[in-house]
Structures are given as structure tokens and as C-alpha cells.
>>> print(open('input_24.tsv').read())   # TSV, C-alpha atoms and all ligand atoms
chain	number	residue	atom	x	y	z
J	14	MET	CA	212.48	256.55	56.22
J	15	THR	CA	214.43	256.36	59.48
J	16	THR	CA	217.83	257.71	58.43
J	17	ILE	CA	219.55	260.75	59.87
J	18	HIS	CA	221.34	261.89	56.71
J	19	GLU	CA	223.36	264.68	58.26
J	20	LEU	CA	224.09	266.05	61.69
J	21	ASN	CA	226.02	269.25	61.21
J	22	PRO	CA	227.38	270.89	64.37
J	23	ARG	CA	228.93	273.82	62.48
J	24	ASP	CA	225.60	274.92	61.01
J	25	ARG	CA	223.67	273.45	63.94
J	26	LEU	CA	221.25	271.51	61.80
J	27	ALA	CA	220.22	267.98	60.96
J	28	VAL	CA	218.73	266.50	57.81
J	29	VAL	CA	216.44	263.61	58.72
J	30	GLU	CA	213.91	261.33	57.12
J	31	ALA	CA	210.32	261.64	58.34
J	32	GLY	CA	210.30	258.29	60.13
J	33	VAL	CA	213.10	259.12	62.57
J	34	ILE	CA	211.92	258.82	66.18
J	35	THR	CA	212.00	262.21	67.92
J	36	ALA	CA	214.02	261.04	70.94
J	37	ASP	CA	216.56	259.33	68.67
J	38	LEU	CA	217.29	262.60	66.89
J	39	ASP	CA	217.75	264.42	70.19
J	40	GLN	CA	220.05	261.69	71.43
J	41	ALA	CA	222.12	261.85	68.23
J	42	ALA	CA	222.34	265.65	68.60
J	43	ALA	CA	223.44	265.26	72.23
J	44	GLU	CA	226.61	263.52	71.08
J	45	TYR	CA	227.64	266.87	69.58
J	46	GLY	CA	226.53	268.89	72.61
J	47	LEU	CA	223.41	269.93	70.71
J	48	LEU	CA	219.69	269.78	71.44
J	49	TYR	CA	216.73	268.96	69.22
J	50	ALA	CA	214.32	270.96	71.34
J	51	PRO	CA	210.75	269.80	70.53
J	52	ASP	CA	209.92	267.09	73.07
J	53	PRO	CA	206.29	265.94	72.98
J	54	ALA	CA	205.61	263.56	75.86
J	55	SER	CA	205.32	260.92	73.11
J	56	HIS	CA	208.93	261.58	71.97
J	57	GLN	CA	210.00	257.96	72.52
J	58	ILE	CA	207.41	256.73	70.00
J	59	SER	CA	206.54	259.73	67.80
J	60	THR	CA	208.26	260.50	64.49
J	61	ILE	CA	209.68	263.73	63.14
J	62	GLY	CA	207.14	263.47	60.29
J	63	GLY	CA	204.25	263.16	62.75
J	64	ASN	CA	205.64	265.99	64.87
J	65	LEU	CA	205.87	268.21	61.80
J	66	ALA	CA	202.41	267.27	60.59
J	67	THR	CA	200.88	268.18	63.97
J	68	ASN	CA	203.34	270.97	64.86
J	69	ALA	CA	203.93	269.14	68.12
J	70	GLY	CA	204.83	270.99	71.28
J	71	GLY	CA	206.27	269.60	74.48
J	72	LEU	CA	207.56	270.48	77.90
J	73	ARG	CA	210.56	272.40	76.55
J	74	CYS	CA	208.61	274.43	74.00
J	75	LEU	CA	207.92	277.15	76.56
J	76	LYS	CA	211.53	278.27	76.23
J	77	TYR	CA	212.67	276.75	72.94
J	78	GLY	CA	209.57	276.86	70.77
J	79	VAL	CA	207.38	274.22	69.10
J	80	THR	CA	208.25	271.98	66.13
J	81	ARG	CA	207.52	274.78	63.66
J	82	ASP	CA	210.23	276.88	65.31
J	83	ALA	CA	212.75	274.08	64.82
J	84	VAL	CA	212.31	273.45	61.10
J	85	LEU	CA	214.35	275.12	58.39
J	86	GLY	CA	213.28	273.26	55.29
J	87	LEU	CA	211.25	270.33	53.98
J	88	GLU	CA	211.13	267.90	51.13
J	89	ALA	CA	207.61	266.68	50.57
J	90	VAL	CA	205.58	264.76	48.01
J	91	LEU	CA	202.55	266.56	46.61
J	92	ALA	CA	199.25	264.88	45.79
J	93	ASP	CA	200.15	264.76	42.08
J	94	GLY	CA	203.46	263.03	42.83
J	95	ARG	CA	205.73	266.03	42.36
J	96	VAL	CA	208.42	266.57	44.97
J	97	ILE	CA	208.54	270.04	46.51
J	98	ARG	CA	211.47	271.51	48.42
J	99	THR	CA	210.67	274.38	50.78
J	100	GLY	CA	212.92	276.57	52.92
J	101	GLY	CA	216.56	275.64	53.11
J	102	ARG	CA	219.47	275.47	55.55
J	103	THR	CA	219.48	279.04	56.80
J	104	VAL	CA	217.76	280.54	59.83
J	105	LYS	CA	216.67	283.50	57.73
J	106	GLY	CA	215.12	283.43	54.25
J	107	VAL	CA	212.23	285.35	52.73
J	108	VAL	CA	212.20	284.18	49.13
J	109	GLY	CA	208.62	283.34	48.19
J	110	TYR	CA	205.78	282.47	50.51
J	111	ASP	CA	206.67	280.50	53.59
J	112	LEU	CA	205.55	277.07	52.40
J	113	THR	CA	207.54	275.34	55.13
J	114	ARG	CA	205.36	276.87	57.83
J	115	LEU	CA	202.28	276.13	55.73
J	116	LEU	CA	203.08	272.42	55.58
J	117	VAL	CA	204.01	272.19	59.28
J	118	GLY	CA	200.80	271.58	61.21
J	119	SER	CA	198.82	270.69	58.06
J	120	GLU	CA	198.20	267.16	59.40
J	121	GLY	CA	199.23	265.50	56.15
J	122	THR	CA	196.37	267.14	54.25
J	123	LEU	CA	198.59	269.15	51.86
J	124	ALA	CA	201.63	266.93	51.23
J	125	VAL	CA	203.51	263.95	52.60
J	126	ILE	CA	206.71	265.09	54.29
J	127	ALA	CA	209.66	262.92	53.32
J	128	THR	CA	212.69	264.75	54.71
J	129	ALA	CA	213.22	267.69	57.05
J	130	THR	CA	216.11	270.00	57.74
J	131	VAL	CA	215.80	270.91	61.40
J	132	ARG	CA	217.49	273.37	63.65
J	133	LEU	CA	219.63	272.25	66.57
J	134	ARG	CA	220.55	274.39	69.57
J	135	PRO	CA	223.41	274.28	72.02
J	136	ARG	CA	222.51	271.80	74.72
J	137	PRO	CA	222.18	273.60	78.07
J	138	ILE	CA	225.34	272.97	80.07
J	139	HIS	CA	224.16	274.25	83.43
J	140	ARG	CA	222.72	271.95	86.05
J	141	PRO	CA	218.97	272.70	85.99
J	142	ALA	CA	217.14	273.79	89.12
J	143	THR	CA	213.55	272.70	89.67
J	144	PHE	CA	210.73	273.94	91.89
J	145	ALA	CA	207.40	272.54	92.97
J	146	ALA	CA	204.56	274.43	94.60
J	147	ALA	CA	201.20	273.30	95.98
J	148	PHE	CA	198.20	275.62	95.79
J	149	PRO	CA	194.91	275.77	97.67
J	150	THR	CA	192.97	276.52	94.45
J	151	ILE	CA	193.58	275.77	90.81
J	152	ALA	CA	193.09	279.44	89.96
J	153	ALA	CA	195.99	280.38	92.26
J	154	ALA	CA	198.25	277.92	90.41
J	155	GLY	CA	197.20	279.44	87.07
J	156	ASN	CA	197.88	282.94	88.37
J	157	ALA	CA	201.31	281.89	89.63
J	158	ALA	CA	202.19	280.61	86.13
J	159	LEU	CA	201.17	283.98	84.72
J	160	ALA	CA	203.28	285.82	87.31
J	161	ILE	CA	206.35	283.66	86.58
J	162	VAL	CA	206.18	284.13	82.81
J	163	ASN	CA	205.52	287.85	83.10
J	164	ALA	CA	208.46	288.25	85.49
J	165	GLY	CA	210.69	287.25	82.54
J	166	LEU	CA	212.22	284.33	84.43
J	167	GLN	CA	212.24	282.05	81.34
J	168	PRO	CA	211.59	278.62	82.84
J	169	ASN	CA	212.35	275.85	80.36
J	170	LEU	CA	209.24	274.06	81.59
J	171	LEU	CA	206.26	275.08	83.69
J	172	GLU	CA	203.66	272.37	84.19
J	173	LEU	CA	200.45	272.22	86.19
J	174	MET	CA	198.70	269.14	87.57
J	175	ASP	CA	195.36	269.27	89.31
J	176	ARG	CA	194.27	267.28	92.35
J	177	ASP	CA	192.54	264.44	90.42
J	178	THR	CA	195.66	263.93	88.29
J	179	CYS	CA	197.99	263.84	91.31
J	180	ARG	CA	195.71	261.39	93.09
J	181	ALA	CA	195.59	259.15	90.02
J	182	VAL	CA	199.40	259.16	89.73
J	183	ALA	CA	199.77	258.39	93.44
J	184	ASP	CA	197.31	255.48	93.07
J	185	LEU	CA	199.21	254.13	90.08
J	186	ARG	CA	202.44	254.27	92.06
J	187	ASN	CA	200.80	252.85	95.14
J	188	GLN	CA	201.90	255.90	97.09
J	189	LYS	CA	200.21	258.21	99.55
J	190	LEU	CA	200.07	261.89	98.61
J	191	GLU	CA	201.84	263.88	101.31
J	192	VAL	CA	200.18	267.11	100.21
J	193	ASP	CA	196.71	266.79	98.69
J	194	ALA	CA	196.70	270.20	97.01
J	195	ALA	CA	194.10	271.58	94.58
J	196	ALA	CA	196.94	271.93	92.07
J	197	TRP	CA	200.70	271.67	91.77
J	198	LEU	CA	202.98	273.76	89.63
J	199	ILE	CA	206.34	272.32	88.62
J	200	GLY	CA	208.94	274.48	86.94
J	201	GLN	CA	212.52	274.26	85.90
J	202	SER	CA	215.25	276.61	84.80
J	203	ASP	CA	218.32	275.58	82.81
J	204	SER	CA	219.81	279.09	82.65
J	205	SER	CA	223.21	280.02	84.05
J	206	ASP	CA	221.38	281.52	87.07
J	207	ALA	CA	219.05	278.52	87.47
J	208	THR	CA	219.19	278.33	91.27
J	209	GLU	CA	218.50	282.01	91.78
J	210	SER	CA	215.85	282.00	89.08
J	211	THR	CA	213.87	279.09	90.60
J	212	ARG	CA	214.08	280.77	94.02
J	213	SER	CA	212.39	283.79	92.47
J	214	MET	CA	209.74	281.46	91.00
J	215	VAL	CA	209.12	280.01	94.45
J	216	ALA	CA	208.75	283.52	95.87
J	217	LEU	CA	206.16	284.33	93.22
J	218	CYS	CA	204.26	281.12	94.00
J	219	LYS	CA	204.17	282.05	97.68
J	220	LYS	CA	202.88	285.49	96.75
J	221	GLU	CA	200.07	283.70	94.87
J	222	ARG	CA	199.19	281.82	98.09
J	223	ALA	CA	201.10	278.55	97.57
J	224	ASP	CA	200.85	276.49	100.78
J	225	VAL	CA	204.09	274.69	100.11
J	226	ALA	CA	206.83	275.66	97.66
J	227	TRP	CA	210.47	274.74	97.40
J	228	ALA	CA	213.30	274.59	94.89
J	229	THR	CA	216.05	272.04	94.43
J	230	ASP	CA	219.04	271.48	92.21
J	231	ASP	CA	219.19	267.83	93.21
J	232	GLU	CA	218.48	265.77	90.10
J	233	ASN	CA	216.79	262.91	91.96
J	234	GLU	CA	214.38	265.21	93.79
J	235	ALA	CA	213.59	266.96	90.53
J	236	GLU	CA	213.01	263.64	88.78
J	237	ALA	CA	210.51	262.62	91.47
J	238	PHE	CA	208.30	265.55	90.43
J	239	LEU	CA	208.88	265.37	86.73
J	240	SER	CA	208.14	261.65	86.61
J	241	MET	CA	204.76	262.41	88.24
J	242	ARG	CA	203.98	264.70	85.35
J	243	ARG	CA	205.09	262.11	82.80
J	244	MET	CA	202.85	259.47	84.40
J	245	ALA	CA	199.77	261.67	84.27
J	246	TYR	CA	198.16	260.12	81.16
J	247	PRO	CA	198.79	256.44	81.99
J	248	ALA	CA	197.47	257.13	85.51
J	249	VAL	CA	194.32	258.93	84.39
J	250	GLU	CA	193.55	256.40	81.66
J	251	ARG	CA	192.88	253.84	84.39
J	252	LEU	CA	189.99	255.90	85.75
J	253	GLY	CA	187.48	255.03	83.02
J	254	LEU	CA	186.79	255.86	79.38
J	255	THR	CA	188.94	258.88	78.58
J	256	LEU	CA	189.13	261.64	76.01
J	257	VAL	CA	192.32	263.73	76.13
J	258	GLU	CA	191.56	267.30	75.18
J	259	ASP	CA	193.86	270.10	74.12
J	260	VAL	CA	192.82	273.75	74.33
J	261	VAL	CA	194.85	276.94	74.63
J	262	VAL	CA	193.98	280.40	75.93
J	263	PRO	CA	195.95	283.62	76.30
J	264	LEU	CA	197.97	283.18	79.49
J	265	SER	CA	196.00	285.86	81.35
J	266	ARG	CA	192.89	283.62	81.01
J	267	LEU	CA	194.49	280.33	82.08
J	268	ALA	CA	193.11	280.53	85.62
J	269	ASP	CA	189.61	281.23	84.25
J	270	LEU	CA	189.90	278.29	81.85
J	271	LEU	CA	190.93	275.91	84.63
J	272	VAL	CA	188.08	277.03	86.88
J	273	GLY	CA	185.66	276.78	83.95
J	274	ILE	CA	186.74	273.19	83.28
J	275	GLN	CA	186.02	272.31	86.91
J	276	ASP	CA	182.56	273.88	86.55
J	277	ILE	CA	181.90	271.73	83.47
J	278	ALA	CA	182.96	268.61	85.39
J	279	ARG	CA	180.50	269.48	88.16
J	280	ARG	CA	177.74	270.16	85.63
J	281	TYR	CA	178.06	266.68	84.08
J	282	ASP	CA	178.93	265.03	87.40
J	283	ILE	CA	182.11	263.51	85.96
J	284	ARG	CA	185.83	263.92	86.58
J	285	ILE	CA	188.02	265.99	84.28
J	286	PRO	CA	191.59	265.63	85.59
J	287	THR	CA	193.64	268.36	84.00
J	288	VAL	CA	197.31	268.90	83.29
J	289	ALA	CA	198.59	272.01	81.58
J	290	HIS	CA	201.68	273.32	79.89
J	291	ALA	CA	200.89	276.25	82.13
J	292	GLY	CA	203.44	278.68	80.73
J	293	ASP	CA	201.86	278.34	77.27
J	294	GLY	CA	198.25	278.59	78.49
J	295	ASN	CA	197.77	275.07	77.04
J	296	ALA	CA	195.50	272.79	79.06
J	297	HIS	CA	194.95	269.06	78.54
J	298	PRO	CA	191.70	268.27	80.36
J	299	VAL	CA	190.98	264.55	80.27
J	300	VAL	CA	187.28	263.81	80.17
J	301	VAL	CA	186.69	260.64	82.22
J	302	VAL	CA	183.39	258.76	82.04
J	303	PRO	CA	182.70	255.49	83.89
J	304	ARG	CA	183.16	252.47	81.62
J	305	ASP	CA	179.65	251.21	82.35
J	306	GLN	CA	177.95	254.51	81.51
J	307	PRO	CA	175.74	253.74	78.46
J	308	ALA	CA	175.63	257.39	77.39
J	309	ALA	CA	179.43	257.74	77.56
J	310	PRO	CA	180.04	258.80	73.91
J	311	MET	CA	177.36	261.47	74.11
J	312	ILE	CA	178.57	262.81	77.48
J	313	MET	CA	182.17	262.90	76.24
J	314	LYS	CA	181.25	264.74	73.08
J	315	GLN	CA	179.08	267.26	74.90
J	316	THR	CA	181.71	267.87	77.56
J	317	ALA	CA	184.45	268.34	74.99
J	318	GLN	CA	182.29	270.80	73.09
J	319	ASP	CA	181.69	272.82	76.26
J	320	ILE	CA	185.46	272.93	76.79
J	321	TYR	CA	186.05	274.15	73.21
J	322	ARG	CA	183.39	276.82	73.69
J	323	LEU	CA	185.04	277.94	76.91
J	324	ALA	CA	188.43	278.25	75.20
J	325	LEU	CA	186.97	280.24	72.32
J	326	ASP	CA	185.08	282.52	74.73
J	327	PHE	CA	188.47	283.36	76.25
J	328	ARG	CA	189.81	284.09	72.74
J	329	GLY	CA	191.82	280.90	72.68
J	330	THR	CA	191.90	277.95	70.29
J	331	VAL	CA	190.38	274.46	70.22
J	332	THR	CA	193.72	272.77	69.66
J	333	GLY	CA	197.28	273.78	70.45
J	334	GLU	CA	199.14	270.55	69.76
J	335	HIS	CA	197.01	267.58	68.86
J	336	GLY	CA	195.42	268.96	65.72
J	337	VAL	CA	191.93	269.22	64.29
J	338	GLY	CA	191.68	265.64	63.04
J	339	LEU	CA	188.13	264.37	62.68
J	340	LEU	CA	186.79	265.30	66.10
J	341	LYS	CA	187.15	269.06	65.80
J	342	ARG	CA	186.36	269.53	62.13
J	343	GLU	CA	183.04	271.21	62.82
J	344	TRP	CA	184.80	273.65	65.16
J	345	LEU	CA	186.83	275.12	62.30
J	346	ASN	CA	183.73	277.16	61.42
J	347	GLU	CA	183.60	278.48	64.98
J	348	GLU	CA	187.25	279.48	65.20
J	349	LEU	CA	187.95	280.73	61.68
J	350	ASP	CA	185.97	283.42	59.88
J	351	ASP	CA	184.49	282.86	56.41
J	352	THR	CA	187.31	284.63	54.58
J	353	SER	CA	189.99	282.67	56.37
J	354	LEU	CA	188.14	279.41	55.75
J	355	SER	CA	187.72	280.12	52.05
J	356	VAL	CA	191.44	280.92	51.68
J	357	GLN	CA	192.29	277.68	53.48
J	358	ARG	CA	189.96	275.70	51.22
J	359	ALA	CA	191.51	277.33	48.16
J	360	ILE	CA	194.99	276.24	49.31
J	361	LYS	CA	193.73	272.70	49.84
J	362	THR	CA	192.08	272.65	46.41
J	363	ILE	CA	195.25	273.80	44.65
J	364	LEU	CA	197.50	271.31	46.41
J	365	ASP	CA	195.14	268.36	46.62
J	366	PRO	CA	192.23	268.86	44.16
J	367	ARG	CA	190.99	265.27	44.46
J	368	SER	CA	191.25	265.30	48.27
J	369	ILE	CA	193.34	262.14	48.43
J	370	LEU	CA	195.64	263.30	51.26
J	371	ASN	CA	194.23	262.35	54.65
J	372	PRO	CA	190.64	262.60	53.36
J	373	GLY	CA	188.13	263.85	55.88
J	374	LYS	CA	190.74	265.31	58.23
J	375	GLY	CA	191.25	268.95	59.16
J	376	ILE	CA	190.15	271.28	56.39
H	401	LIG	C1	201.32	259.51	75.46
H	401	LIG	C2	201.21	260.62	74.45
H	401	LIG	C3	201.71	261.86	74.79
H	401	LIG	C4	201.62	262.92	73.87
H	401	LIG	N1	202.16	264.12	74.20
H	401	LIG	C5	202.13	265.12	73.31
H	401	LIG	C6	202.75	266.37	73.63
H	401	LIG	O1	203.31	266.57	74.71
H	401	LIG	N2	202.71	267.34	72.70
H	401	LIG	C7	202.10	267.16	71.48
H	401	LIG	O2	202.12	268.07	70.67
H	401	LIG	N3	201.50	265.99	71.16
H	401	LIG	C8	201.52	264.97	72.03
H	401	LIG	N4	200.93	263.79	71.72
H	401	LIG	C9	200.25	263.64	70.43
H	401	LIG	C10	201.16	263.01	69.33
H	401	LIG	O3	202.08	262.10	69.86
H	401	LIG	C11	201.95	264.07	68.64
H	401	LIG	O4	201.03	264.90	67.98
H	401	LIG	C12	203.00	263.55	67.61
H	401	LIG	O5	203.55	264.68	66.96
H	401	LIG	C13	202.43	262.63	66.57
H	401	LIG	O6	203.52	261.98	65.93
H	401	LIG	P1	203.36	260.50	65.35
H	401	LIG	O7	204.65	260.14	64.71
H	401	LIG	O8	202.85	259.63	66.42
H	401	LIG	O9	202.28	260.78	64.23
H	401	LIG	P2	200.96	259.98	63.89
H	401	LIG	O10	200.08	259.94	65.10
H	401	LIG	O11	201.31	258.73	63.19
H	401	LIG	O12	200.33	260.99	62.83
H	401	LIG	C14	199.80	262.22	63.23
H	401	LIG	C15	199.26	262.94	61.99
H	401	LIG	O13	200.34	263.33	61.18
H	401	LIG	C16	200.22	262.78	59.87
H	401	LIG	N5	201.56	262.41	59.44
H	401	LIG	C17	202.41	261.55	60.03
H	401	LIG	N6	203.57	261.49	59.35
H	401	LIG	C18	203.46	262.34	58.31
H	401	LIG	C19	204.33	262.72	57.23
H	401	LIG	N7	205.54	262.21	57.09
H	401	LIG	N8	203.87	263.64	56.33
H	401	LIG	C20	202.64	264.15	56.44
H	401	LIG	N9	201.76	263.83	57.43
H	401	LIG	C21	202.17	262.93	58.35
H	401	LIG	C22	199.29	261.57	60.02
H	401	LIG	O14	198.60	261.29	58.82
H	401	LIG	C23	198.36	262.06	61.11
H	401	LIG	O15	197.34	262.90	60.57
H	401	LIG	C24	200.99	262.72	72.61
H	401	LIG	C25	200.48	261.46	72.30
H	401	LIG	C26	200.59	260.42	73.20
H	401	LIG	C27	200.06	259.08	72.80
>>> encode(input="input_24.tsv", output="C-alpha cells", more="lines below")
Ligand SMILES: Cc1cc2nc3c(=O)[nH]c(=O)nc-3n(C[C@H](O)[C@H](O)[C@H](O)COP(=O)(O)OP(=O)(O)OC[C@H]3O[C@@H](n4cnc5c(N)ncnc54)[C@H](O)[C@@H]3O)c2cc1C
Amino acid sequence: MTTIHELNPRDRLAVVEAGVITADLDQAAAEYGLLYAPDPASHQISTIGGNLATNAGGLRCLKYGVTRDAVLGLEAVLADGRVIRTGGRTVKGVVGYDLTRLLVGSEGTLAVIATATVRLRPRPIHRPATFAAAFPTIAAAGNAALAIVNAGLQPNLLELMDRDTCRAVADLRNQKLEVDAAAWLIGQSDSSDATESTRSMVALCKKERADVAWATDDENEAEAFLSMRRMAYPAVERLGLTLVEDVVVPLSRLADLLVGIQDIARRYDIRIPTVAHAGDGNAHPVVVVPRDQPAAPMIMKQTAQDIYRLALDFRGTVTGEHGVGLLKREWLNEELDDTSLSVQRAIKTILDPRSILNPGKGI
């Protein structure tokens, strides 16, 4: 299941088996000057099948879309053993219901994806420019992300790291933080006007009270920041028992969400280092409980539930990338209304009447 059957630069698509590693597909596309855009931080180990099943996002999805936006068609095995082909090789197509988009993000509960036809894009040819800005409050960083997106500047990534995350990364690297800010925002543009565009982003950060903000088109300087972001999870995992969460809110409520998460941390007297795909309003708070805390499972569960409640209060969702799985099953009733739930159950019953596909997960 790890074969790339076709890489077609004329139609800008690839036909791949579900077990192909995400980064391998992107690398193969790069040889033709093309890009497979979805890039979850796990792209070196995750598979296209897993990405499709969870509708994975990534740093680049702010500009290029999530996995669902990159898929044209699927071949999948249904619970009764029949093989279904959905979609095709065209970017447009409205024949029948959109079963491709139904299967993407279904977490393997409706069918097992065997092969995917995915969309490739021209690989950006311009040298990217990157900015970093340090803020005195996490709310100011959230507001700067909102200002940048609403200014139409189209960063290809816009990531936020809070103080606890930056400190954890610095500890892991055995480095001293030169600026111990409440939060950092890191953004990048790969457009033809990248330098000018990131300068405008810096100006917006300063307007939102950034203490320090600068832009660079030097790849090594940029890498220094981006590698901090990539090290966030390994760094935070060292702090104790961890639960990585994944909630999304409309961008205008991102600052409120981030402040609310800090309030929850104070309430339980624990740390919740948070990173965010800030341009998407998608936060990954990591609930950290000391390893020797006997009530750790209960505290983690309660904290996570408070975070889900917060996201829903801001008209967001309890998962943007990682899926419902087992942990958030009970929250389906909170997020979806009865009619929506009954339609979803009906779909599940038709496609998998004996519930043999990923039993107990999602719906
Ligand atoms: C360090 C790290 C960083 C991460 N960063 C991100 C990120 O930036 N963005 C993001 O969205 N996620 C991220 N994730 C979560 C996860 O890696 C992604 O959701 C990824 O898409 C899962 O792919 P996988 O191949 O690992 O799938 P698995 O974890 O093996 O499976 C995930 C689910 O998909 C189902 N599944 C797998 N293959 C198929 C198939 N062929 N057909 C049907 N169902 C299938 C499985 O049954 C399971 O329910 C991260 C995880 C880690 C560990």
C-alpha cells in the first residue's frame, strides 16, 4: 500500500496508495516542481490514508487548504467488501452526492481508503520571507493574527506559541530565551511580494503592541524560528503527563479562546502550554499534569472538557484536525443538533450496518 502509481504534472495530480508517507509524496511532487500541500507536523511518519481519514491540516493549510481540499477522488473498500470509487481526476464535478468529501474526515468509520487521487499545486518559486513578533499578552498575539488575515496578506503559515511553550523549547535546546514574551507569532509569505508582505505583517504586529517584531528573507534565520515551532510537542511532553488538545474558533474569537485557556490553567493550578495555527483559529492547548499527581486522569479529563466548552461557547468546534476518536464521542451531542446526529447515524447504518469499521470511534 505504499506505491505512488502516477504523478502527472500535466493534470497536476497524483494517484497514490493509502500507505504512502505524506512527506514522500511531497518530495516526489517536488521533482516536477509541484507541491502536495497538506503538511501535518507528523508528515514524516503519517500516511495519506491517515491524513484523509482525519482530514489533516498543517502549517501550510492556511493558504493551501486542508487534506480535503487536496483530494479529487478515492477508491475505498466498504464494510460489505464492495469497492467504491468516488470523485475522479477533475477539479470540478457535481455528479451525485459528494461521497469523496463524506469519506474524508470519517476516521475510517465508513470505509477503508485504499487509493487516492490527489491534487498537486505549482511549488512556490519565490524565496519566502518570514517574520517573528513577541507580544506582551497572548490576547495581543491573537488580535495580530486576526489583523494579518483580515488585511488579505495571505501568509502561507501563521503560528502562535505561548510563553510556556517557548520556555519548554528553550529548555530542551539548552538555550536561554532572549525575549521571554507572553506569546510569539511567526508568519511566512511565499508570494511574489513576500518581503513587502511580511513587512506589512510586522507593521500590523507593532500596531497590536508587539514589543519586538522583525522580518527576514534569510533562510537560516527563518529556520531558527520555524524549528522552535516544530519542537513544541517534544519539548512540552517532557513537562509531565500530557494531553494534546485541538479546538477551533472563528478567528475573531481566537484571542478570547487563548485567554480562556489561561484562565482554565489557573483554575486547576496546572500548566497548559498552547500553540496555535493562529490564522485558522485552531489552538492546540497541551494539558500538563505532574507525573506524580494521583488524580491526573480526572484533572486532564475535566480540563479538556472545560476547553471544549469554551470553544463551543465561542461557536467553534471541539476538533479541527485530530478527530473525534474515543475521547470526544460524548461531545458530538453537544456540537451537533438532533437532526444532524440522526442523519449522520443513518449514513453510518447504511454503510456499516454491523458497525465493524473502527467500532466505538466517532459516530
Ligand atoms: C507529532 C505529531 C504531530 C501532529 N501534527 C498534526 C498536524 O499538524 N495536523 C493534523 O491534522 N494532525 C496532526 N497530528 C495527528 C496525526 O498525525 C494526523 O491526524 C495524521 O493525519 C494521522 O495519520 P496516520 O497515518 O498517523 O494515521 P493513524 O494515526 O494511523 O490513523 C488515524 C485514523 O485514521 C484511520 N485510518 C488510517 N488509515 C486509514 C485508511 N486507509 N482508511 C480509513 N481509515 C484510516 C485510523 O483507523 C485512525 O482512526 C500529529 C500527530 C503527531 C504524533
>>> closest_residue(input="input_24.tsv", among="J:Pro303, J:Gly333, J:Pro168, J:Gly200", to="ligand LIG 401 (chain H)", atoms="all atoms listed in the file")
J:Gly333
>>> residues_near_ligand(input="input_24.tsv", ligand="ligand LIG 401 (chain H)", cutoff="8 Å", atoms="all atoms listed in the file", output="PyMOL selection string")
chain J and resi 31-32+34+52-56+58-72+89+119-128+246-247+333-336+338+371+374
>>> residues_near_point(input="input_24.tsv", point="(213.4, 267.8, 57.0)", cutoff="6 Å", atoms="only C-alpha atoms", output="list in words")
Val28, Val29, Gly86, Leu87, Thr128, Ala129, Thr130 and Val131 of chain J
>>> residues_around(input="input_24.tsv", residues="region 139-144 of chain J", least_positions_apart="5", cutoff="8 Å", atoms="all atoms listed in the file", output="ChimeraX atom specification")
/J:199-205,207-208,211-212,214-215,226-231,235
>>> closest_residue(input="input_24.tsv", among="J:His290, J:Tyr281, J:Asp259, J:Arg73", to="Leu173 (chain J)", atoms="all atoms listed in the file")
J:His290
